[in-house]
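A.B. asks: This is query17.txt (compact mmCIF, C-alpha atoms and all ligand atoms).
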# COMPACT_ATOMS: atom_id res chain seq x y z
CA MET A 1 -15.86 -0.04 -3.91
CA ALA A 2 -19.32 -1.61 -3.74
CA THR A 3 -20.37 -2.45 -0.23
CA ASP A 4 -23.25 -2.26 2.18
CA SER A 5 -21.05 -1.04 4.97
CA TRP A 6 -20.54 2.49 6.07
CA ALA A 7 -17.29 4.03 6.95
CA LEU A 8 -17.23 6.70 9.57
CA ALA A 9 -14.19 8.70 10.34
CA VAL A 10 -13.76 10.49 13.56
CA ASP A 11 -11.42 13.08 14.81
CA LYS A 12 -11.70 15.89 17.22
CA GLN A 13 -8.67 17.77 16.00
CA GLU A 14 -9.10 20.55 13.50
CA ALA A 15 -9.15 19.08 10.04
CA THR A 16 -6.25 21.02 8.73
CA THR A 17 -4.03 20.19 5.84
CA ASP A 18 -1.63 23.01 6.47
CA SER A 19 1.84 21.58 6.34
CA VAL A 20 2.90 23.72 9.25
CA SER A 21 0.77 21.72 11.63
CA LEU A 22 2.05 18.36 10.44
CA ASN A 23 5.45 17.02 11.21
CA ASP A 24 7.63 16.41 8.17
CA LYS A 25 7.20 12.68 8.24
CA ALA A 26 3.44 12.94 8.32
CA ALA A 27 3.34 15.53 5.56
CA GLN A 28 5.64 13.44 3.40
CA SER A 29 3.62 10.34 3.96
CA LEU A 30 0.37 12.08 3.14
CA LEU A 31 1.92 13.56 0.03
CA ASN A 32 2.99 10.08 -1.01
CA LYS A 33 -0.55 8.85 -0.58
CA MET A 34 -1.94 11.67 -2.63
CA ILE A 35 0.43 11.37 -5.56
CA HIS A 36 0.35 7.60 -5.83
CA THR A 37 -2.64 7.28 -8.05
CA SER A 38 -1.42 4.00 -9.43
CA LEU A 39 0.62 1.10 -8.16
CA VAL A 40 4.35 1.43 -7.75
CA ASN A 41 5.79 -1.47 -9.65
CA THR A 42 8.48 -3.44 -8.01
CA THR A 43 10.51 -6.38 -9.10
CA ASN A 44 11.82 -7.03 -5.61
CA GLN A 45 10.95 -10.23 -3.86
CA VAL A 46 8.55 -10.40 -0.97
CA GLU A 47 9.91 -11.91 2.21
CA VAL A 48 7.32 -13.88 4.19
CA LEU A 49 7.73 -15.13 7.73
CA GLN A 50 4.86 -17.34 8.79
CA ARG A 51 3.76 -17.76 12.35
CA ASP A 52 3.35 -21.44 11.68
CA PRO A 53 6.26 -22.35 9.40
CA ASN A 54 4.74 -25.79 8.74
CA SER A 55 1.53 -24.53 7.22
CA PRO A 56 1.58 -24.17 3.45
CA LEU A 57 2.30 -20.70 2.14
CA TYR A 58 -0.61 -19.41 0.15
CA SER A 59 -0.23 -16.72 -2.42
CA VAL A 60 -2.71 -15.74 -5.08
CA LYS A 61 -2.24 -14.45 -8.58
CA THR A 62 -5.89 -13.52 -9.12
CA PHE A 63 -8.64 -11.90 -7.07
CA GLU A 64 -10.97 -14.82 -7.90
CA GLU A 65 -8.84 -17.18 -5.84
CA LEU A 66 -9.68 -15.15 -2.74
CA ARG A 67 -13.36 -16.11 -2.87
CA LEU A 68 -14.47 -12.57 -2.11
CA LYS A 69 -18.14 -11.69 -1.89
CA ASP A 70 -19.50 -11.01 -5.40
CA LYS A 71 -20.02 -7.33 -4.72
CA LEU A 72 -16.48 -6.91 -3.50
CA LEU A 73 -14.99 -8.73 -6.45
CA LYS A 74 -16.99 -6.52 -8.78
CA GLY A 75 -15.86 -3.48 -6.80
CA VAL A 76 -12.23 -4.49 -7.20
CA TYR A 77 -12.59 -4.81 -10.98
CA ASP A 78 -14.58 -1.57 -11.16
CA MET A 79 -11.59 0.13 -9.54
CA GLY A 80 -9.51 -1.14 -12.45
CA PHE A 81 -7.51 -3.61 -10.36
CA ASN A 82 -6.76 -6.55 -12.65
CA ARG A 83 -4.56 -8.62 -10.37
CA PRO A 84 -3.22 -8.41 -6.83
CA SER A 85 -0.09 -6.34 -6.32
CA LYS A 86 3.09 -8.02 -5.15
CA ILE A 87 2.34 -7.44 -1.47
CA GLN A 88 -1.34 -8.29 -1.91
CA GLU A 89 -0.48 -11.70 -3.40
CA ASN A 90 0.71 -12.82 0.03
CA ALA A 91 -1.05 -10.46 2.39
CA LEU A 92 -4.61 -11.01 1.18
CA PRO A 93 -4.76 -14.80 1.70
CA MET A 94 -3.39 -14.30 5.23
CA MET A 95 -5.78 -11.51 6.04
CA LEU A 96 -8.77 -13.42 4.71
CA ALA A 97 -7.85 -16.79 6.22
CA GLU A 98 -10.12 -18.62 8.67
CA PRO A 99 -9.37 -18.46 11.52
CA PRO A 100 -8.11 -14.89 11.11
CA GLN A 101 -4.38 -14.37 11.20
CA ASN A 102 -2.46 -11.42 12.50
CA LEU A 103 -0.14 -9.61 10.15
CA ILE A 104 2.66 -7.09 10.22
CA ALA A 105 3.46 -5.84 6.72
CA GLN A 106 6.03 -3.42 5.47
CA SER A 107 6.40 -2.06 1.99
CA GLN A 108 6.98 1.34 0.49
CA SER A 109 4.20 3.76 -0.25
CA GLY A 110 2.14 2.98 -3.32
CA THR A 111 2.49 -0.81 -3.25
CA GLY A 112 -1.12 -1.59 -2.37
CA LYS A 113 -1.22 -1.88 1.43
CA THR A 114 -4.25 0.35 1.94
CA ALA A 115 -6.24 -1.37 -0.78
CA ALA A 116 -5.35 -4.71 0.82
CA PHE A 117 -6.58 -3.91 4.31
CA VAL A 118 -9.67 -2.09 3.06
CA LEU A 119 -10.57 -5.22 1.14
CA ALA A 120 -10.00 -7.33 4.25
CA MET A 121 -12.07 -4.95 6.37
CA LEU A 122 -14.94 -4.99 3.93
CA SER A 123 -14.98 -8.74 3.60
CA HIS A 124 -15.07 -9.22 7.38
CA VAL A 125 -17.93 -6.85 7.98
CA ASP A 126 -21.44 -8.20 8.31
CA PRO A 127 -23.69 -5.40 7.02
CA THR A 128 -26.73 -6.79 8.82
CA ASN A 129 -25.09 -6.21 12.19
CA LYS A 130 -25.58 -2.58 13.07
CA TRP A 131 -22.59 -2.05 15.29
CA ALA A 132 -18.92 -1.24 14.87
CA GLN A 133 -17.00 -4.34 13.81
CA VAL A 134 -13.79 -2.97 12.44
CA SER A 135 -11.51 -0.30 13.76
CA GLY A 136 -8.75 1.30 11.80
CA ILE A 137 -6.51 3.86 13.30
CA SER A 138 -4.46 6.12 11.21
CA ILE A 139 -2.75 9.38 11.76
CA PHE A 140 -4.48 10.84 8.75
CA SER A 141 -8.09 10.25 9.46
CA ASN A 142 -8.59 13.92 10.15
CA LEU A 143 -7.28 14.77 6.72
CA MET A 144 -8.63 12.08 4.52
CA PHE A 145 -12.08 11.79 5.92
CA CYS A 146 -12.61 15.28 7.18
CA LYS A 147 -15.94 15.49 5.43
CA TYR A 148 -17.23 13.08 8.05
CA LYS A 149 -15.91 15.18 10.85
CA MET A 150 -19.21 16.89 11.49
CA LEU A 151 -20.78 13.56 12.32
CA MET A 152 -18.56 13.36 15.33
CA LYS A 153 -20.00 16.53 16.78
CA THR A 154 -23.51 15.15 16.73
CA VAL A 155 -22.64 11.92 18.51
CA ASP A 156 -23.64 11.99 22.16
CA ARG A 157 -21.98 10.20 25.01
CA GLY A 158 -23.31 6.67 25.26
CA ALA A 159 -24.90 6.80 21.77
CA LYS A 160 -24.33 3.58 19.84
CA LEU A 161 -22.95 3.53 16.35
CA GLN A 162 -24.82 1.81 13.54
CA GLU A 163 -21.77 2.05 11.32
CA GLN A 164 -19.68 -1.06 10.96
CA ILE A 165 -16.31 0.52 10.27
CA VAL A 166 -14.69 3.15 12.41
CA ILE A 167 -11.61 5.02 11.31
CA GLY A 168 -9.87 7.52 13.51
CA THR A 169 -6.69 8.74 15.10
CA PRO A 170 -5.62 6.81 18.22
CA GLY A 171 -6.79 9.44 20.72
CA THR A 172 -10.27 9.70 19.29
CA VAL A 173 -10.83 5.98 18.89
CA LEU A 174 -9.66 5.52 22.46
CA ASP A 175 -12.16 8.14 23.67
CA TRP A 176 -14.95 6.49 21.72
CA CYS A 177 -14.11 3.13 23.22
CA SER A 178 -13.51 4.18 26.81
CA LYS A 179 -14.64 7.66 27.83
CA LEU A 180 -17.66 8.10 25.57
CA LYS A 181 -18.45 4.39 25.17
CA ILE A 182 -19.75 4.86 21.66
CA ILE A 183 -17.93 1.79 20.45
CA ASN A 184 -17.97 -1.51 22.27
CA PRO A 185 -14.38 -2.66 21.85
CA LYS A 186 -15.36 -6.25 22.68
CA LYS A 187 -17.33 -6.42 19.42
CA ILE A 188 -14.44 -5.36 17.22
CA SER A 189 -13.20 -8.24 15.08
CA VAL A 190 -10.55 -6.49 12.98
CA PHE A 191 -8.12 -3.85 14.20
CA VAL A 192 -5.88 -2.11 11.67
CA LEU A 193 -2.96 0.17 12.43
CA ASP A 194 -1.94 2.04 9.34
CA GLU A 195 1.21 4.11 8.85
CA ALA A 196 2.76 2.75 12.02
CA ASP A 197 6.05 4.52 11.34
CA VAL A 198 4.40 7.90 11.05
CA MET A 199 2.09 7.18 13.93
CA ILE A 200 4.79 6.45 16.46
CA ALA A 201 6.59 9.62 15.52
CA THR A 202 3.71 11.53 17.13
CA GLN A 203 3.78 11.87 20.87
CA GLY A 204 1.21 9.76 22.68
CA HIS A 205 -0.09 7.77 19.72
CA GLN A 206 1.88 4.71 20.62
CA ASP A 207 0.45 4.43 24.13
CA GLN A 208 -3.06 5.24 22.99
CA SER A 209 -2.89 2.49 20.34
CA ILE A 210 -1.71 -0.02 22.91
CA ARG A 211 -4.50 0.97 25.27
CA ILE A 212 -7.09 0.42 22.54
CA GLN A 213 -5.53 -2.90 21.62
CA ARG A 214 -5.82 -4.12 25.22
CA MET A 215 -9.57 -3.53 25.22
CA LEU A 216 -10.12 -5.72 22.17
CA PRO A 217 -11.07 -9.39 22.38
CA LYS A 218 -8.27 -11.95 22.12
CA GLU A 219 -9.58 -13.33 18.85
CA CYS A 220 -9.68 -9.88 17.20
CA GLN A 221 -7.50 -9.83 14.10
CA MET A 222 -4.65 -7.31 14.37
CA LEU A 223 -3.07 -5.88 11.24
CA LEU A 224 -0.21 -3.40 11.19
CA PHE A 225 1.23 -1.61 8.16
CA SER A 226 4.27 0.51 7.78
CA ALA A 227 6.31 1.92 4.91
CA THR A 228 9.55 1.57 6.85
CA PHE A 229 10.75 -0.84 9.48
CA GLU A 230 13.28 0.74 11.75
CA ASP A 231 13.79 -0.70 15.24
CA SER A 232 11.28 1.56 16.98
CA VAL A 233 8.52 0.53 14.55
CA TRP A 234 9.39 -3.09 14.97
CA LYS A 235 9.27 -2.91 18.78
CA PHE A 236 5.90 -1.20 18.63
CA ALA A 237 4.58 -3.72 16.09
CA GLU A 238 5.55 -6.64 18.30
CA ARG A 239 3.73 -5.09 21.25
CA VAL A 240 0.44 -4.55 19.45
CA VAL A 241 0.34 -7.55 17.15
CA PRO A 242 0.63 -10.89 18.95
CA ASP A 243 1.80 -13.97 17.02
CA PRO A 244 2.15 -12.16 13.75
CA ASN A 245 2.84 -13.31 10.23
CA ILE A 246 5.33 -10.93 8.72
CA ILE A 247 5.59 -9.71 5.16
CA LYS A 248 8.35 -7.45 3.96
CA LEU A 249 8.89 -6.05 0.53
CA LYS A 250 12.34 -4.63 0.06
CA ARG A 251 12.71 -1.20 -1.41
CA GLU A 252 14.28 -1.08 -4.82
CA GLU A 253 17.92 -0.11 -4.27
CA GLU A 254 18.97 3.20 -5.72
CA THR A 255 22.33 3.48 -7.40
CA LEU A 256 24.58 6.18 -8.79
CA ASP A 257 26.02 3.83 -11.42
CA THR A 258 24.11 5.20 -14.36
CA ILE A 259 24.55 8.84 -13.40
CA LYS A 260 27.17 11.21 -14.73
CA GLN A 261 28.10 13.43 -11.82
CA TYR A 262 29.86 16.77 -12.12
CA TYR A 263 30.59 19.84 -10.09
CA VAL A 264 30.88 23.46 -11.15
CA LEU A 265 32.96 26.07 -9.33
CA CYS A 266 31.27 29.42 -8.79
CA SER A 267 31.78 32.32 -6.42
CA ASP A 268 28.19 33.17 -5.50
CA LYS A 269 24.58 32.46 -6.35
CA GLU A 270 24.57 34.81 -9.36
CA GLU A 271 27.44 32.85 -10.87
CA LYS A 272 25.64 29.63 -10.13
CA PHE A 273 22.68 31.02 -12.03
CA THR A 274 24.89 31.92 -15.00
CA ALA A 275 26.39 28.43 -14.96
CA LEU A 276 22.90 26.97 -14.93
CA CYS A 277 21.92 29.10 -17.95
CA ASN A 278 25.05 27.94 -19.77
CA ILE A 279 24.13 24.33 -19.15
CA TYR A 280 20.63 24.99 -20.45
CA GLY A 281 22.08 26.70 -23.50
CA ALA A 282 24.41 23.82 -24.29
CA ILE A 283 22.35 20.70 -23.89
CA THR A 284 18.82 19.58 -24.50
CA ILE A 285 17.09 19.02 -21.19
CA ALA A 286 13.73 17.30 -21.19
CA GLN A 287 12.96 17.90 -17.54
CA ALA A 288 15.14 19.07 -14.70
CA MET A 289 14.88 19.33 -10.97
CA ILE A 290 16.85 21.98 -9.14
CA PHE A 291 17.41 21.74 -5.40
CA CYS A 292 18.04 24.73 -3.16
CA HIS A 293 18.76 24.85 0.53
CA THR A 294 16.27 27.55 1.50
CA ARG A 295 12.84 28.65 0.35
CA ARG A 296 14.26 32.06 -0.27
CA THR A 297 16.89 30.86 -2.74
CA ALA A 298 14.32 28.60 -4.40
CA GLY A 299 11.92 31.52 -4.81
CA TRP A 300 14.64 33.78 -6.17
CA LEU A 301 15.91 31.15 -8.60
CA ALA A 302 12.45 30.32 -9.88
CA ALA A 303 11.83 34.02 -10.57
CA GLU A 304 15.19 34.41 -12.38
CA LEU A 305 14.59 31.34 -14.52
CA THR A 306 11.11 32.57 -15.39
CA LYS A 307 12.61 35.89 -16.52
CA GLU A 308 14.86 33.87 -18.83
CA GLY A 309 11.78 32.35 -20.43
CA HIS A 310 11.71 28.96 -18.70
CA VAL A 311 8.42 27.46 -17.62
CA VAL A 312 9.14 26.84 -13.97
CA ALA A 313 7.32 25.17 -11.13
CA LEU A 314 8.24 26.01 -7.57
CA LEU A 315 7.70 23.60 -4.73
CA SER A 316 8.41 24.73 -1.22
CA GLY A 317 7.73 23.97 2.39
CA GLU A 318 5.12 26.58 3.22
CA MET A 319 2.71 25.04 0.72
CA THR A 320 -0.11 22.79 1.84
CA VAL A 321 0.18 19.12 1.04
CA GLU A 322 -2.60 19.53 -1.55
CA GLN A 323 -0.73 22.34 -3.30
CA ARG A 324 2.42 20.25 -3.38
CA ALA A 325 0.56 17.27 -4.79
CA THR A 326 -0.92 19.43 -7.55
CA ILE A 327 2.48 20.84 -8.51
CA ILE A 328 4.03 17.37 -8.60
CA GLU A 329 1.18 16.08 -10.78
CA ARG A 330 1.61 18.95 -13.25
CA PHE A 331 5.36 18.41 -13.41
CA ARG A 332 4.85 14.71 -13.99
CA GLU A 333 2.53 15.49 -16.84
CA GLY A 334 5.25 17.67 -18.33
CA LYS A 335 3.32 20.93 -17.97
CA GLU A 336 6.44 22.49 -16.49
CA LYS A 337 9.92 21.52 -17.59
CA VAL A 338 11.85 22.80 -14.60
CA LEU A 339 11.05 22.17 -10.99
CA VAL A 340 12.80 24.27 -8.39
CA THR A 341 12.44 22.87 -4.91
CA THR A 342 13.79 22.80 -1.41
CA ASN A 343 14.46 19.47 0.18
CA VAL A 344 11.22 19.12 2.08
CA CYS A 345 9.08 18.09 -0.78
CA SER A 346 11.34 16.24 -3.15
CA ARG A 347 10.85 12.70 -1.93
CA GLY A 348 7.57 11.92 -3.59
CA ILE A 349 8.77 12.66 -7.06
CA ASP A 350 9.71 9.72 -9.21
CA VAL A 351 13.01 10.99 -10.45
CA GLU A 352 13.32 8.53 -13.30
CA GLN A 353 11.50 10.85 -15.65
CA VAL A 354 13.89 13.67 -14.86
CA SER A 355 17.06 13.57 -16.92
CA VAL A 356 18.97 16.33 -15.16
CA VAL A 357 19.27 17.09 -11.46
CA ILE A 358 21.01 20.25 -10.32
CA ASN A 359 22.10 20.63 -6.74
CA PHE A 360 22.09 24.40 -6.64
CA ASP A 361 22.96 23.83 -2.99
CA LEU A 362 24.37 20.52 -1.78
CA PRO A 363 22.32 18.51 0.68
CA MET A 364 23.59 18.79 4.23
CA ASP A 365 22.35 17.74 7.64
CA LYS A 366 21.72 20.11 10.52
CA ASP A 367 25.37 19.94 11.58
CA GLY A 368 26.50 21.06 8.15
CA ASN A 369 27.82 17.66 7.06
CA ALA A 370 26.99 15.93 3.79
CA ASP A 371 23.55 14.34 3.75
CA ASN A 372 24.47 11.31 1.67
CA GLU A 373 21.09 9.67 1.84
CA THR A 374 19.37 12.73 0.45
CA TYR A 375 22.03 13.05 -2.25
CA LEU A 376 21.38 9.47 -3.33
CA HIS A 377 17.67 10.01 -3.23
CA ARG A 378 17.84 13.17 -5.32
CA ILE A 379 19.92 11.76 -8.13
CA GLY A 380 19.96 7.96 -7.71
CA ARG A 381 18.05 5.62 -10.00
CA THR A 382 16.62 2.22 -9.38
CA GLY A 383 18.01 -0.55 -11.55
CA ARG A 384 14.76 -0.90 -13.44
CA PHE A 385 14.84 2.58 -14.77
CA GLY A 386 18.50 2.34 -15.70
CA LYS A 387 18.24 5.39 -17.94
CA ARG A 388 21.32 7.55 -17.88
CA GLY A 389 21.08 10.77 -15.98
CA LEU A 390 23.14 13.85 -15.36
CA ALA A 391 23.74 15.48 -11.99
CA VAL A 392 25.48 18.82 -11.54
CA ASN A 393 26.59 20.11 -8.16
CA MET A 394 27.17 23.83 -7.72
CA ILE A 395 30.06 24.68 -5.42
CA ASP A 396 30.50 28.23 -4.11
CA SER A 397 32.52 27.88 -0.91
CA LYS A 398 35.08 25.84 0.94
CA HIS A 399 32.23 24.38 2.94
CA SER A 400 30.32 23.16 -0.11
CA MET A 401 33.55 21.73 -1.56
CA ASN A 402 33.96 19.88 1.70
CA ILE A 403 30.48 18.43 1.43
CA LEU A 404 31.19 17.36 -2.13
CA ASN A 405 34.36 15.59 -0.99
CA GLN A 406 32.43 13.80 1.76
CA ILE A 407 29.89 12.64 -0.82
CA GLU A 408 32.63 11.40 -3.16
CA GLU A 409 34.20 9.50 -0.32
CA HIS A 410 30.94 8.03 0.93
CA PHE A 411 29.93 6.65 -2.44
CA ASN A 412 33.49 5.96 -3.47
CA LYS A 413 32.89 7.74 -6.76
CA LYS A 414 34.81 10.59 -8.23
CA ILE A 415 32.82 13.65 -9.23
CA ASN A 416 34.48 15.50 -12.08
CA LYS A 417 34.81 19.21 -12.56
CA LEU A 418 32.74 20.70 -15.34
CA ASP A 419 33.82 23.74 -17.25
CA THR A 420 30.55 25.51 -18.07
CA ASP A 421 32.23 27.54 -20.83
CA ASP A 422 33.08 24.30 -22.60
CA LEU A 423 30.27 21.83 -22.22
CA ASP A 424 30.97 19.43 -25.07
CA GLU A 425 31.82 16.55 -22.76
CA ILE A 426 28.41 16.21 -21.16
CA GLU A 427 26.32 15.98 -24.33
P1 LIG B 501 -0.08 1.94 -0.12
O1 LIG B 501 -1.11 1.86 0.94
O2 LIG B 501 0.95 0.86 -0.04
O3 LIG B 501 0.56 3.30 -0.24
P2 LIG B 501 -2.32 1.88 -1.96
O4 LIG B 501 -3.15 0.75 -1.50
O5 LIG B 501 -2.78 3.25 -1.60
O6 LIG B 501 -0.79 1.69 -1.54
O7 LIG B 501 -2.19 1.74 -3.55
C1 LIG B 501 -1.50 2.69 -4.35
C2 LIG B 501 -2.30 2.96 -5.62
O8 LIG B 501 -2.43 1.76 -6.38
C3 LIG B 501 -3.73 3.42 -5.34
O9 LIG B 501 -4.07 4.39 -6.30
C4 LIG B 501 -4.56 2.15 -5.49
O10 LIG B 501 -5.87 2.46 -5.92
C5 LIG B 501 -3.79 1.39 -6.55
N1 LIG B 501 -3.87 -0.08 -6.38
C6 LIG B 501 -3.84 -0.79 -5.23
N2 LIG B 501 -3.91 -2.13 -5.46
C7 LIG B 501 -3.99 -2.27 -6.82
C8 LIG B 501 -4.08 -3.41 -7.70
N3 LIG B 501 -4.10 -4.66 -7.25
N4 LIG B 501 -4.14 -3.15 -9.04
C9 LIG B 501 -4.10 -1.87 -9.51
N5 LIG B 501 -4.02 -0.77 -8.73
C10 LIG B 501 -3.97 -0.95 -7.41
Please lay out the structure from this file as structure tokens.
Ligand code: ADP
C.D. replies:
Amino acid sequence: MATDSWALAVDKQEATTDSVSLNDKAAQSLLNKMIHTSLVNTTNQVEVLQRDPNSPLYSVKTFEELRLKDKLLKGVYDMGFNRPSKIQENALPMMLAEPPQNLIAQSQSGTGKTAAFVLAMLSHVDPTNKWAQVSGISIFSNLMFCKYKMLMKTVDRGAKLQEQIVIGTPGTVLDWCSKLKIINPKKISVFVLDEADVMIATQGHQDQSIRIQRMLPKECQMLLFSATFEDSVWKFAERVVPDPNIIKLKREEETLDTIKQYYVLCSDKEEKFTALCNIYGAITIAQAMIFCHTRRTAGWLAAELTKEGHVVALLSGEMTVEQRATIIERFREGKEKVLVTTNVCSRGIDVEQVSVVINFDLPMDKDGNADNETYLHRIGRTGRFGKRGLAVNMIDSKHSMNILNQIEEHFNKKINKLDTDDLDEIE
């Protein structure tokens, strides 16, 4: 995006993208960021709660209406953004209002939150002032901006930044504001907290963010973004963002209504594999996703399917987030027709393009009970993509039958038995 401002990212942690060092939530969230290379469309309505309910509610349908600086407007169009996304329609006028307004916004990954606050940051910055004016804290600064990491090492205590935008993890930004005094917090006019839900899942980040917030001037604009809005996020948001406007974009509901669900009885994993081959032999499958409980089973299954001549992609937990993103991209492009995966990495994949989902192992929680949410997420469709799909659950024990029954009960939907020697009914 065209701008005179510089962005500097700081972090003293090792810039590592190894999934092992990230908690699951963080890895998932980063993966989501990496694979969302275009907007997620949503037909759901935005819910807006204004701090002053009597003031008119502004929303914009074009970027022109925002009266951005010429360079920024050009930058937006150069990025290929034709019109504001659903969340941007309401969030941008609030973020760009005079006097500045505080905002808490929640919407799922890929709906344009980052683009919105970057635009707000850039339009608030005065490039002729050579000091930090905007501070964004995000759990991922070490990953996304690691190429700037070296800069950090050359900054001495007491040195003053010329850069106008500072992005960092809470601990580092706090150090720069207090211990090292590289940033004067009193001169910060916009403070952004991104990925609040992921952030508060990491020990210490919550307190550090609050300590930074307390050093900022009263009139500093506070913006907080989150993909989810459970109670803990909400409590945190209310502590760091005084008098907020609130924007929420509901997630598109997933449903099992358009899915044909079956189960197959087998005695062990070899029989499950045979059943899977029978299904492949009987019906035309454009693309399928197969879920296994462990990496080991996933690896074994991928190898067996490859021996059978399938072009298989394997996605599993020991891979770096970058490797996962690459595999998902290739699968999306149709380079592989079968994706074998464990649970860890399945969330970022838009299942609507997949016509068949096989639960080689049923999803269960750590106590061995049915994980209904994961089941819905694996095979459910949003109303918009109402294409019909097929889901097959492989049952090889009393325990897995139990899980299947729990799932049936939870969703109040019967799952029929499939005879893999006679597959006419599913075509
Ligand atoms: P989020 O922060 O909610 O995950 P992003 O801001 O990263 O979403 O946007 C997701 C993707 O959509 C990015 O690739 C971004 O460049 C693109 N994008 C954002 N806003 C627009 C827009 N108004 N028009 C087209 N694409 C957009």
A.B. asks: Find the residues near ligand LIG 501 (chain B). Use a cut-off of 7 Å, count all atoms listed in the file, and write them as a ChimeraX atom specification.
C.D. replies: /A:33,36-40,80-85,107-116
A.B. asks: Quick one: distance from CA of Ile246 in chain A to CA of Ala105 in chain A in Å, one decimal?
C.D. replies: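 About the pair CA of Ile246 in chain A and CA of Ala105 in chain A: they are 5.8 Å apart.
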A.B. asks: Smallest atom-to-atom distance to Phe331 in chain A: which of A:Lys61, A:Ile35, A:Ile415, A:Ile403, using only C-alpha atoms?
C.D. replies: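 Under the stated criterion, the closest residue is A:Ile35.
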A.B. asks: Compile the contact shell of Leu31 in chain A as an MDAnalysis selection string: residues with an atom at most 8 Å away, counting all atoms listed in the file, same-chain residues fewer than 5 positions apart removed.
C.D. replies: chainID A and resid 321:322 324:325 348
A.B. asks: Would you write out those residues with C-alpha atoms, as a JSON list (two decimals), keeping the file's coordinate frame?
C.D. replies:
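Output file again-v6.json follows:
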[["chain", "number", "residue", "atom", "x", "y", "z"],
["A", 321, "VAL", "CA", 0.18, 19.12, 1.04],
["A", 322, "GLU", "CA", -2.60, 19.53, -1.55],
["A", 324, "ARG", "CA", 2.42, 20.25, -3.38],
["A", 325, "ALA", "CA", 0.56, 17.27, -4.79],
["A", 348, "GLY", "CA", 7.57, 11.92, -3.59]]
A.B. asks: One decimal, Å: what's the distance from CA of Phe117 in chain A over to CA of Glu253 in chain A, could you say?
C.D. replies: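 A separation of 26.2 Å between them.
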A.B. asks: Provide the CA of Thr169 in chain A to CA of Leu96 in chain A distance in Å, to one decimal place.
C.D. replies: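 Calculated distance between CA of Thr169 in chain A and CA of Leu96 in chain A is 24.6 Å.
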A.B. asks: Give the answer as one residue: which of A:Asp52, A:Asp197, A:Glu254, A:Asp396 has the shortest atom-to-atom distance to Lys272 in chain A, using all atoms listed in the file?
C.D. replies: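 Using all atoms listed in the file, Lys272 in chain A sits closest to A:Asp396.
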A.B. asks: Compare A:Lys269, A:Gly281, A:Lys335, A:Asn412 by their minimum atom-to-atom distance to Glu304 in chain A, counting only C-alpha atoms, and give me the closest one.
C.D. replies: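 Checking each of A:Lys269, A:Gly281, A:Lys335, A:Asn412 against Glu304 in chain A, counting only C-alpha atoms, the winner is A:Lys269.
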